[in-house]
file input08.pdb (PDB, C-alpha atoms)
ATOM      1  CA  MET K 389     147.174 100.141 117.844  1.00  0.00           C
ATOM      2  CA  LEU K 390     145.657 103.074 119.677  1.00  0.00           C
ATOM      3  CA  LEU K 391     144.420 100.715 122.378  1.00  0.00           C
ATOM      4  CA  THR K 392     147.510  98.534 122.220  1.00  0.00           C
ATOM      5  CA  LEU K 393     150.088 101.270 122.763  1.00  0.00           C
ATOM      6  CA  PRO K 394     148.964 102.196 126.294  1.00  0.00           C
ATOM      7  CA  GLN K 395     149.217  98.534 127.285  1.00  0.00           C
ATOM      8  CA  LEU K 396     152.678  98.209 125.737  1.00  0.00           C
ATOM      9  CA  LYS K 397     153.733 101.440 127.397  1.00  0.00           C
ATOM     10  CA  SER K 398     152.600 100.279 130.806  1.00  0.00           C
ATOM     11  CA  ALA K 399     153.962  96.732 130.602  1.00  0.00           C
ATOM     12  CA  TYR K 400     157.213  97.256 128.727  1.00  0.00           C
ATOM     13  CA  ILE K 401     158.168 100.810 127.799  1.00  0.00           C
ATOM     14  CA  ASP K 402     157.620 102.569 131.142  1.00  0.00           C
ATOM     15  CA  THR K 403     159.303  99.679 132.957  1.00  0.00           C
ATOM     16  CA  GLY K 404     162.433 100.040 130.847  1.00  0.00           C
ATOM     17  CA  LEU K 405     162.157  96.569 129.307  1.00  0.00           C
ATOM     18  CA  VAL K 406     161.517  97.892 125.789  1.00  0.00           C
ATOM     19  CA  ARG K 407     162.772 100.943 123.970  1.00  0.00           C
ATOM     20  CA  TYR K 408     160.057 102.493 121.802  1.00  0.00           C
ATOM     21  CA  VAL K 409     161.283 104.496 118.826  1.00  0.00           C
ATOM     22  CA  VAL K 410     158.965 106.282 116.409  1.00  0.00           C
ATOM     23  CA  LYS K 411     160.027 106.806 112.819  1.00  0.00           C
ATOM     24  CA  ASP K 412     158.208 108.849 110.210  1.00  0.00           C
ATOM     25  CA  PHE K 413     156.945 106.961 107.178  1.00  0.00           C
ATOM     26  CA  PRO K 414     154.626 109.303 105.296  1.00  0.00           C
ATOM     27  CA  LEU K 415     152.844 107.317 102.611  1.00  0.00           C
ATOM     28  CA  SER K 416     153.079 108.591  99.043  1.00  0.00           C
ATOM     29  CA  ALA K 417     149.368 107.878  98.577  1.00  0.00           C
ATOM     30  CA  HIS K 418     148.699 110.755 100.981  1.00  0.00           C
ATOM     31  CA  ALA K 419     149.814 113.868  99.140  1.00  0.00           C
ATOM     32  CA  HIS K 420     150.420 115.938 102.265  1.00  0.00           C
ATOM     33  CA  ALA K 421     151.695 113.270 104.662  1.00  0.00           C
ATOM     34  CA  THR K 422     155.291 114.482 104.408  1.00  0.00           C
ATOM     35  CA  ALA K 423     154.223 118.039 105.270  1.00  0.00           C
ATOM     36  CA  ALA K 424     152.285 116.662 108.245  1.00  0.00           C
ATOM     37  CA  ALA K 425     155.341 114.743 109.435  1.00  0.00           C
ATOM     38  CA  GLY K 426     157.331 117.969 109.210  1.00  0.00           C
ATOM     39  CA  ALA K 427     154.654 119.831 111.179  1.00  0.00           C
ATOM     40  CA  ALA K 428     154.783 117.226 113.947  1.00  0.00           C
ATOM     41  CA  ARG K 429     158.580 117.503 114.033  1.00  0.00           C
ATOM     42  CA  CYS K 430     158.403 121.307 114.159  1.00  0.00           C
ATOM     43  CA  ALA K 431     155.938 121.057 117.045  1.00  0.00           C
ATOM     44  CA  GLY K 432     158.318 118.584 118.662  1.00  0.00           C
ATOM     45  CA  ALA K 433     161.045 121.201 118.621  1.00  0.00           C
ATOM     46  CA  GLN K 434     158.804 123.069 121.064  1.00  0.00           C
ATOM     47  CA  GLY K 435     158.000 119.984 123.128  1.00  0.00           C
ATOM     48  CA  ALA K 436     154.663 119.176 121.486  1.00  0.00           C
ATOM     49  CA  TYR K 437     155.413 116.349 119.038  1.00  0.00           C
ATOM     50  CA  TRP K 438     152.770 113.950 120.367  1.00  0.00           C
ATOM     51  CA  ALA K 439     150.164 116.663 120.812  1.00  0.00           C
ATOM     52  CA  MET K 440     150.583 117.740 117.170  1.00  0.00           C
ATOM     53  CA  HIS K 441     150.864 114.132 115.960  1.00  0.00           C
ATOM     54  CA  ASP K 442     147.573 113.239 117.625  1.00  0.00           C
ATOM     55  CA  LEU K 443     145.858 116.411 116.416  1.00  0.00           C
ATOM     56  CA  LEU K 444     146.957 115.773 112.828  1.00  0.00           C
ATOM     57  CA  PHE K 445     145.583 112.233 112.898  1.00  0.00           C
ATOM     58  CA  GLU K 446     142.392 113.314 114.640  1.00  0.00           C
ATOM     59  CA  ARG K 447     141.703 116.026 112.059  1.00  0.00           C
ATOM     60  CA  GLN K 448     143.129 114.340 108.979  1.00  0.00           C
ATOM     61  CA  GLN K 449     139.771 114.482 107.163  1.00  0.00           C
ATOM     62  CA  GLU K 450     139.755 118.239 107.712  1.00  0.00           C
ATOM     63  CA  TRP K 451     143.178 119.154 106.278  1.00  0.00           C
ATOM     64  CA  SER K 452     144.228 116.357 103.915  1.00  0.00           C
ATOM     65  CA  PRO K 453     141.938 117.198 100.959  1.00  0.00           C
ATOM     66  CA  GLN K 454     143.050 120.851 100.913  1.00  0.00           C
ATOM     67  CA  ARG K 455     145.625 122.548  98.692  1.00  0.00           C
ATOM     68  CA  ALA K 456     149.174 122.942 100.001  1.00  0.00           C
ATOM     69  CA  GLU K 457     148.753 126.603 101.028  1.00  0.00           C
ATOM     70  CA  GLN K 458     145.578 125.808 102.963  1.00  0.00           C
ATOM     71  CA  ILE K 459     147.261 122.885 104.690  1.00  0.00           C
ATOM     72  CA  ILE K 460     150.081 125.076 105.945  1.00  0.00           C
ATOM     73  CA  GLU K 461     147.495 127.502 107.306  1.00  0.00           C
ATOM     74  CA  ALA K 462     145.717 124.604 109.044  1.00  0.00           C
ATOM     75  CA  PHE K 463     149.013 123.491 110.583  1.00  0.00           C
ATOM     76  CA  TRP K 464     149.636 127.061 111.802  1.00  0.00           C
ATOM     77  CA  ALA K 465     146.192 127.063 113.412  1.00  0.00           C
ATOM     78  CA  TYR K 466     146.932 123.751 115.137  1.00  0.00           C
ATOM     79  CA  ALA K 467     150.241 125.138 116.410  1.00  0.00           C
ATOM     80  CA  GLU K 468     148.397 128.147 117.793  1.00  0.00           C
ATOM     81  CA  GLU K 469     145.852 125.825 119.421  1.00  0.00           C
ATOM     82  CA  LEU K 470     148.755 124.000 121.086  1.00  0.00           C
ATOM     83  CA  ASN K 471     150.192 127.323 122.310  1.00  0.00           C
ATOM     84  CA  LEU K 472     153.366 126.994 120.270  1.00  0.00           C
ATOM     85  CA  ASP K 473     155.441 130.022 119.367  1.00  0.00           C
ATOM     86  CA  PRO K 474     153.932 130.844 115.954  1.00  0.00           C
ATOM     87  CA  ALA K 475     157.024 132.532 114.512  1.00  0.00           C
ATOM     88  CA  ILE K 476     159.294 129.627 115.419  1.00  0.00           C
ATOM     89  CA  PHE K 477     156.785 127.076 114.112  1.00  0.00           C
ATOM     90  CA  GLN K 478     156.211 128.951 110.836  1.00  0.00           C
ATOM     91  CA  GLU K 479     159.935 129.400 110.277  1.00  0.00           C
ATOM     92  CA  CYS K 480     160.539 125.723 110.935  1.00  0.00           C
ATOM     93  CA  LEU K 481     157.891 124.703 108.391  1.00  0.00           C
ATOM     94  CA  ALA K 482     159.035 127.217 105.782  1.00  0.00           C
ATOM     95  CA  ALA K 483     162.659 126.076 106.069  1.00  0.00           C
ATOM     96  CA  ASP K 484     161.663 122.386 105.969  1.00  0.00           C
ATOM     97  CA  GLU K 485     163.868 122.127 109.029  1.00  0.00           C
ATOM     98  CA  PHE K 486     163.197 118.437 109.621  1.00  0.00           C
ATOM     99  CA  GLY K 487     162.649 117.305 106.030  1.00  0.00           C
ATOM    100  CA  TYR K 488     165.989 115.529 105.911  1.00  0.00           C
ATOM    101  CA  LEU K 489     165.104 113.530 109.042  1.00  0.00           C
ATOM    102  CA  VAL K 490     161.740 112.526 107.608  1.00  0.00           C
ATOM    103  CA  ARG K 491     163.416 111.435 104.364  1.00  0.00           C
ATOM    104  CA  GLN K 492     166.032 109.504 106.335  1.00  0.00           C
ATOM    105  CA  ASP K 493     163.293 107.724 108.292  1.00  0.00           C
ATOM    106  CA  VAL K 494     161.564 106.739 105.046  1.00  0.00           C
ATOM    107  CA  TRP K 495     164.818 105.441 103.589  1.00  0.00           C
ATOM    108  CA  ASP K 496     165.574 103.502 106.787  1.00  0.00           C
ATOM    109  CA  GLY K 497     162.084 102.029 106.744  1.00  0.00           C
ATOM    110  CA  GLU K 498     162.358 100.982 103.129  1.00  0.00           C
ATOM    111  CA  GLN K 499     165.699  99.301 103.840  1.00  0.00           C
ATOM    112  CA  ALA K 500     164.022  97.410 106.696  1.00  0.00           C
ATOM    113  CA  GLY K 501     161.200  96.204 104.434  1.00  0.00           C
ATOM    114  CA  VAL K 502     158.516  98.637 105.562  1.00  0.00           C
ATOM    115  CA  GLN K 503     155.894  99.140 102.874  1.00  0.00           C
ATOM    116  CA  GLY K 504     153.109 100.774 104.855  1.00  0.00           C
ATOM    117  CA  THR K 505     151.905 101.878 108.226  1.00  0.00           C
ATOM    118  CA  PRO K 506     151.691 100.840 110.871  1.00  0.00           C
ATOM    119  CA  SER K 507     154.807  98.709 110.879  1.00  0.00           C
ATOM    120  CA  PHE K 508     156.930  97.630 113.803  1.00  0.00           C
ATOM    121  CA  ARG K 509     160.316  96.063 114.350  1.00  0.00           C
ATOM    122  CA  ILE K 510     161.049  93.968 117.366  1.00  0.00           C
ATOM    123  CA  ASN K 511     164.745  93.090 117.445  1.00  0.00           C
ATOM    124  CA  GLY K 512     164.862  93.163 113.671  1.00  0.00           C
ATOM    125  CA  GLN K 513     161.631  91.233 113.114  1.00  0.00           C
ATOM    126  CA  LEU K 514     159.202  93.224 110.971  1.00  0.00           C
ATOM    127  CA  ILE K 515     155.541  93.203 111.965  1.00  0.00           C
ATOM    128  CA  ARG K 516     153.152  94.765 109.464  1.00  0.00           C
ATOM    129  CA  GLY K 517     149.781  96.162 110.423  1.00  0.00           C
ATOM    130  CA  ALA K 518     147.928  96.762 113.650  1.00  0.00           C
ATOM    131  CA  HIS K 519     147.785  93.827 116.040  1.00  0.00           C
ATOM    132  CA  PRO K 520     146.349  93.178 119.491  1.00  0.00           C
ATOM    133  CA  PHE K 521     148.476  93.565 122.590  1.00  0.00           C
ATOM    134  CA  GLU K 522     148.874  89.786 122.903  1.00  0.00           C
ATOM    135  CA  THR K 523     150.679  89.541 119.569  1.00  0.00           C
ATOM    136  CA  PHE K 524     153.273  92.055 120.697  1.00  0.00           C
ATOM    137  CA  GLN K 525     153.408  90.539 124.159  1.00  0.00           C
ATOM    138  CA  ASP K 526     154.249  87.099 122.746  1.00  0.00           C
ATOM    139  CA  LEU K 527     157.031  88.505 120.547  1.00  0.00           C
ATOM    140  CA  ILE K 528     158.454  90.734 123.256  1.00  0.00           C
ATOM    141  CA  GLU K 529     158.389  87.991 125.874  1.00  0.00           C
ATOM    142  CA  ALA K 530     160.161  85.618 123.471  1.00  0.00           C
ATOM    143  CA  GLU K 531     162.876  88.226 122.904  1.00  0.00           C
ATOM    144  CA  LEU K 532     163.193  89.016 126.603  1.00  0.00           C
ATOM    145  CA  GLU K 533     163.490  85.324 127.371  1.00  0.00           C
ATOM    146  CA  LYS K 534     166.621  85.207 125.183  1.00  0.00           C
ATOM    147  CA  THR K 535     168.297  87.717 127.523  1.00  0.00           C
ATOM    148  CA  ARG K 536     167.383  86.003 130.797  1.00  0.00           C
TER
END
call {"tool": "encode", "arguments": {"input": "input08.pdb", "output": "structure tokens"}}
result
Amino acid sequence: MLLTLPQLKSAYIDTGLVRYVVKDFPLSAHAHATAAAGAARCAGAQGAYWAMHDLLFERQQEWSPQRAEQIIEAFWAYAEELNLDPAIFQECLAADEFGYLVRQDVWDGEQAGVQGTPSFRINGQLIRGAHPFETFQDLIEAELEKTR
């Protein structure tokens, strides 16, 4: 999907043909995935959601096996690396400021039939797993054709 998203962005999202919405769906098999989703949301409150999101995925092997206290410290270090206000970020994490939104996203996903990541919905049609650009292109074009 990492290679597919830029193509989708260029062809459909940036042109206004498709609305791209990201929902959190931390997997229970990953003990600290919910905390990571919260960290990305807290970074997002300072305009750095995608930067933190990408950093968390890039360094997942580094932080995921650690204990909870160490993970929070790692997230603080990432926030500092991204030049976020440390006090605001730490307060956000400590208060679980976005926990309810993450839980709502999980509930919404479960109601839509999501069982894992990545998953996508195109006009209500659930697509599970990573797929090449052409798979999405075919589905999107079929949906766009219905509106023409």
call {"tool": "closest_residue", "arguments": {"input": "input08.pdb", "among": "K:Met440, K:Val502, K:Leu396, K:Ala518", "to": "Ala462 of chain K", "atoms": "all atoms listed in the file"}}
result
K:Met440
call {"tool": "residues_around", "arguments": {"input": "input08.pdb", "residues": "Gln513 of chain K", "least_positions_apart": "4", "cutoff": "12 Å", "atoms": "all atoms listed in the file", "output": "tab-separated table (two decimals) with C-alpha atoms, in the frame of the given file"}}
result
chain	number	residue	atom	x	y	z
K	500	ALA	CA	164.02	97.41	106.70
K	501	GLY	CA	161.20	96.20	104.43
K	502	VAL	CA	158.52	98.64	105.56
K	507	SER	CA	154.81	98.71	110.88
K	508	PHE	CA	156.93	97.63	113.80
K	509	ARG	CA	160.32	96.06	114.35
K	524	PHE	CA	153.27	92.06	120.70
K	527	LEU	CA	157.03	88.50	120.55
K	528	ILE	CA	158.45	90.73	123.26
K	530	ALA	CA	160.16	85.62	123.47
K	531	GLU	CA	162.88	88.23	122.90
call {"tool": "residues_around", "arguments": {"input": "input08.pdb", "residues": "segment 400-407 of chain K", "least_positions_apart": "2", "cutoff": "9 Å", "atoms": "all atoms listed in the file", "output": "list in words"}}
result
Gln395, Leu396, Lys397, Ser398, Val409, Gln525, Ile528 and Leu532 of chain K
call {"tool": "closest_residue", "arguments": {"input": "input08.pdb", "among": "K:Arg491, K:Lys534, K:His519, K:Arg455", "to": "Ala425 of chain K", "atoms": "all atoms listed in the file"}}
result
K:Arg491
call {"tool": "residues_around", "arguments": {"input": "input08.pdb", "residues": "segment 467-477 of chain K", "least_positions_apart": "3", "cutoff": "7 Å", "atoms": "all atoms listed in the file", "output": "JSON, numbers by chain"}}
result
{"K": [430, 431, 434, 463, 464, 480, 481]}
call {"tool": "atom_distance", "arguments": {"input": "input08.pdb", "atom1": "atom CA of Gly487 of chain K", "atom2": "atom CA of Gly426 of chain K"}}
result
6.2 Å
call {"tool": "residues_around", "arguments": {"input": "input08.pdb", "residues": "Ile459 of chain K", "least_positions_apart": "5", "cutoff": "9 Å", "atoms": "only C-alpha atoms", "output": "list in words"}}
result
His420, Ala423, Ala424, Trp451, Ser452, Pro453, Gln454 and Trp464 of chain K
call {"tool": "closest_residue", "arguments": {"input": "input08.pdb", "among": "K:Ile510, K:Glu522, K:Glu529, K:Val494", "to": "Tyr408 of chain K", "atoms": "only C-alpha atoms"}}
result
K:Ile510
call {"tool": "closest_residue", "arguments": {"input": "input08.pdb", "among": "K:Ala421, K:Gly504, K:Asp526, K:Phe486", "to": "Phe445 of chain K", "atoms": "all atoms listed in the file"}}
result
K:Ala421
call {"tool": "closest_residue", "arguments": {"input": "input08.pdb", "among": "K:Tyr488, K:Phe413, K:Tyr466, K:Trp495", "to": "Arg447 of chain K", "atoms": "all atoms listed in the file"}}
result
K:Tyr466
call {"tool": "axis_aligned_box", "arguments": {"input": "input08.pdb", "around": "segment 498-501 of chain K", "padding_each_side": "4 Å", "output": "JSON"}}
result
{"center_x": 163.4, "center_y": 98.6, "center_z": 104.9, "size_x": 12.5, "size_y": 12.8, "size_z": 11.6}
call {"tool": "build_atoms", "arguments": {"input": "input08.pdb", "residues": "segment 465-494 of chain K", "atoms": "N, CA and C atoms", "output": "PDB file, in the coordinates of the input"}}
result
ATOM      1  N   ALA K 465     147.304 126.958 112.459  1.00  0.00           N
ATOM      2  CA  ALA K 465     146.192 127.063 113.412  1.00  0.00           C
ATOM      3  C   ALA K 465     146.327 126.005 114.509  1.00  0.00           C
ATOM      4  N   TYR K 466     146.735 124.804 114.132  1.00  0.00           N
ATOM      5  CA  TYR K 466     146.932 123.751 115.137  1.00  0.00           C
ATOM      6  C   TYR K 466     148.056 124.131 116.095  1.00  0.00           C
ATOM      7  N   ALA K 467     149.128 124.710 115.557  1.00  0.00           N
ATOM      8  CA  ALA K 467     150.241 125.138 116.410  1.00  0.00           C
ATOM      9  C   ALA K 467     149.775 126.200 117.394  1.00  0.00           C
ATOM     10  N   GLU K 468     148.944 127.105 116.913  1.00  0.00           N
ATOM     11  CA  GLU K 468     148.397 128.147 117.793  1.00  0.00           C
ATOM     12  C   GLU K 468     147.517 127.505 118.875  1.00  0.00           C
ATOM     13  N   GLU K 469     146.719 126.538 118.474  1.00  0.00           N
ATOM     14  CA  GLU K 469     145.852 125.825 119.421  1.00  0.00           C
ATOM     15  C   GLU K 469     146.676 125.125 120.508  1.00  0.00           C
ATOM     16  N   LEU K 470     147.873 124.685 120.141  1.00  0.00           N
ATOM     17  CA  LEU K 470     148.755 124.000 121.086  1.00  0.00           C
ATOM     18  C   LEU K 470     149.665 124.972 121.843  1.00  0.00           C
ATOM     19  N   ASN K 471     149.426 126.261 121.638  1.00  0.00           N
ATOM     20  CA  ASN K 471     150.192 127.323 122.310  1.00  0.00           C
ATOM     21  C   ASN K 471     151.680 127.292 121.967  1.00  0.00           C
ATOM     22  N   LEU K 472     151.976 126.954 120.716  1.00  0.00           N
ATOM     23  CA  LEU K 472     153.366 126.994 120.270  1.00  0.00           C
ATOM     24  C   LEU K 472     153.710 128.412 119.844  1.00  0.00           C
ATOM     25  N   ASP K 473     154.992 128.713 119.849  1.00  0.00           N
ATOM     26  CA  ASP K 473     155.441 130.022 119.367  1.00  0.00           C
ATOM     27  C   ASP K 473     155.206 130.037 117.862  1.00  0.00           C
ATOM     28  N   PRO K 474     154.290 130.891 117.376  1.00  0.00           N
ATOM     29  CA  PRO K 474     153.932 130.844 115.954  1.00  0.00           C
ATOM     30  C   PRO K 474     155.081 131.184 115.015  1.00  0.00           C
ATOM     31  N   ALA K 475     155.915 132.139 115.389  1.00  0.00           N
ATOM     32  CA  ALA K 475     157.024 132.532 114.512  1.00  0.00           C
ATOM     33  C   ALA K 475     158.024 131.383 114.363  1.00  0.00           C
ATOM     34  N   ILE K 476     158.344 130.742 115.460  1.00  0.00           N
ATOM     35  CA  ILE K 476     159.294 129.627 115.419  1.00  0.00           C
ATOM     36  C   ILE K 476     158.713 128.468 114.610  1.00  0.00           C
ATOM     37  N   PHE K 477     157.432 128.173 114.834  1.00  0.00           N
ATOM     38  CA  PHE K 477     156.785 127.076 114.112  1.00  0.00           C
ATOM     39  C   PHE K 477     156.733 127.374 112.615  1.00  0.00           C
ATOM     40  N   GLN K 478     156.313 128.582 112.250  1.00  0.00           N
ATOM     41  CA  GLN K 478     156.211 128.951 110.836  1.00  0.00           C
ATOM     42  C   GLN K 478     157.578 128.928 110.157  1.00  0.00           C
ATOM     43  N   GLU K 479     158.577 129.411 110.844  1.00  0.00           N
ATOM     44  CA  GLU K 479     159.935 129.400 110.277  1.00  0.00           C
ATOM     45  C   GLU K 479     160.426 127.965 110.064  1.00  0.00           C
ATOM     46  N   CYS K 480     160.148 127.125 111.019  1.00  0.00           N
ATOM     47  CA  CYS K 480     160.539 125.723 110.935  1.00  0.00           C
ATOM     48  C   CYS K 480     159.895 125.052 109.722  1.00  0.00           C
ATOM     49  N   LEU K 481     158.590 125.284 109.547  1.00  0.00           N
ATOM     50  CA  LEU K 481     157.891 124.703 108.391  1.00  0.00           C
ATOM     51  C   LEU K 481     158.427 125.259 107.079  1.00  0.00           C
ATOM     52  N   ALA K 482     158.587 126.565 107.013  1.00  0.00           N
ATOM     53  CA  ALA K 482     159.035 127.217 105.782  1.00  0.00           C
ATOM     54  C   ALA K 482     160.425 126.743 105.375  1.00  0.00           C
ATOM     55  N   ALA K 483     161.284 126.504 106.352  1.00  0.00           N
ATOM     56  CA  ALA K 483     162.659 126.076 106.069  1.00  0.00           C
ATOM     57  C   ALA K 483     162.762 124.562 105.879  1.00  0.00           C
ATOM     58  N   ASP K 484     161.649 123.857 106.048  1.00  0.00           N
ATOM     59  CA  ASP K 484     161.663 122.386 105.969  1.00  0.00           C
ATOM     60  C   ASP K 484     162.774 121.844 106.868  1.00  0.00           C
ATOM     61  N   GLU K 485     162.790 122.382 108.078  1.00  0.00           N
ATOM     62  CA  GLU K 485     163.868 122.127 109.029  1.00  0.00           C
ATOM     63  C   GLU K 485     164.104 120.644 109.320  1.00  0.00           C
ATOM     64  N   PHE K 486     163.054 119.857 109.288  1.00  0.00           N
ATOM     65  CA  PHE K 486     163.197 118.437 109.621  1.00  0.00           C
ATOM     66  C   PHE K 486     162.977 117.520 108.415  1.00  0.00           C
ATOM     67  N   GLY K 487     162.883 118.099 107.236  1.00  0.00           N
ATOM     68  CA  GLY K 487     162.649 117.305 106.030  1.00  0.00           C
ATOM     69  C   GLY K 487     163.687 116.217 105.830  1.00  0.00           C
ATOM     70  N   TYR K 488     164.938 116.531 106.097  1.00  0.00           N
ATOM     71  CA  TYR K 488     165.989 115.529 105.911  1.00  0.00           C
ATOM     72  C   TYR K 488     165.814 114.357 106.867  1.00  0.00           C
ATOM     73  N   LEU K 489     165.336 114.613 108.085  1.00  0.00           N
ATOM     74  CA  LEU K 489     165.104 113.530 109.042  1.00  0.00           C
ATOM     75  C   LEU K 489     163.926 112.660 108.615  1.00  0.00           C
ATOM     76  N   VAL K 490     162.888 113.283 108.099  1.00  0.00           N
ATOM     77  CA  VAL K 490     161.740 112.526 107.608  1.00  0.00           C
ATOM     78  C   VAL K 490     162.175 111.653 106.440  1.00  0.00           C
ATOM     79  N   ARG K 491     162.935 112.219 105.513  1.00  0.00           N
ATOM     80  CA  ARG K 491     163.416 111.435 104.364  1.00  0.00           C
ATOM     81  C   ARG K 491     164.338 110.300 104.804  1.00  0.00           C
ATOM     82  N   GLN K 492     165.153 110.553 105.808  1.00  0.00           N
ATOM     83  CA  GLN K 492     166.032 109.504 106.335  1.00  0.00           C
ATOM     84  C   GLN K 492     165.216 108.377 106.961  1.00  0.00           C
ATOM     85  N   ASP K 493     164.165 108.734 107.694  1.00  0.00           N
ATOM     86  CA  ASP K 493     163.293 107.724 108.292  1.00  0.00           C
ATOM     87  C   ASP K 493     162.638 106.858 107.214  1.00  0.00           C
ATOM     88  N   VAL K 494     162.184 107.488 106.140  1.00  0.00           N
ATOM     89  CA  VAL K 494     161.564 106.739 105.046  1.00  0.00           C
ATOM     90  C   VAL K 494     162.588 105.786 104.429  1.00  0.00           C
TER      91      VAL K 494
END
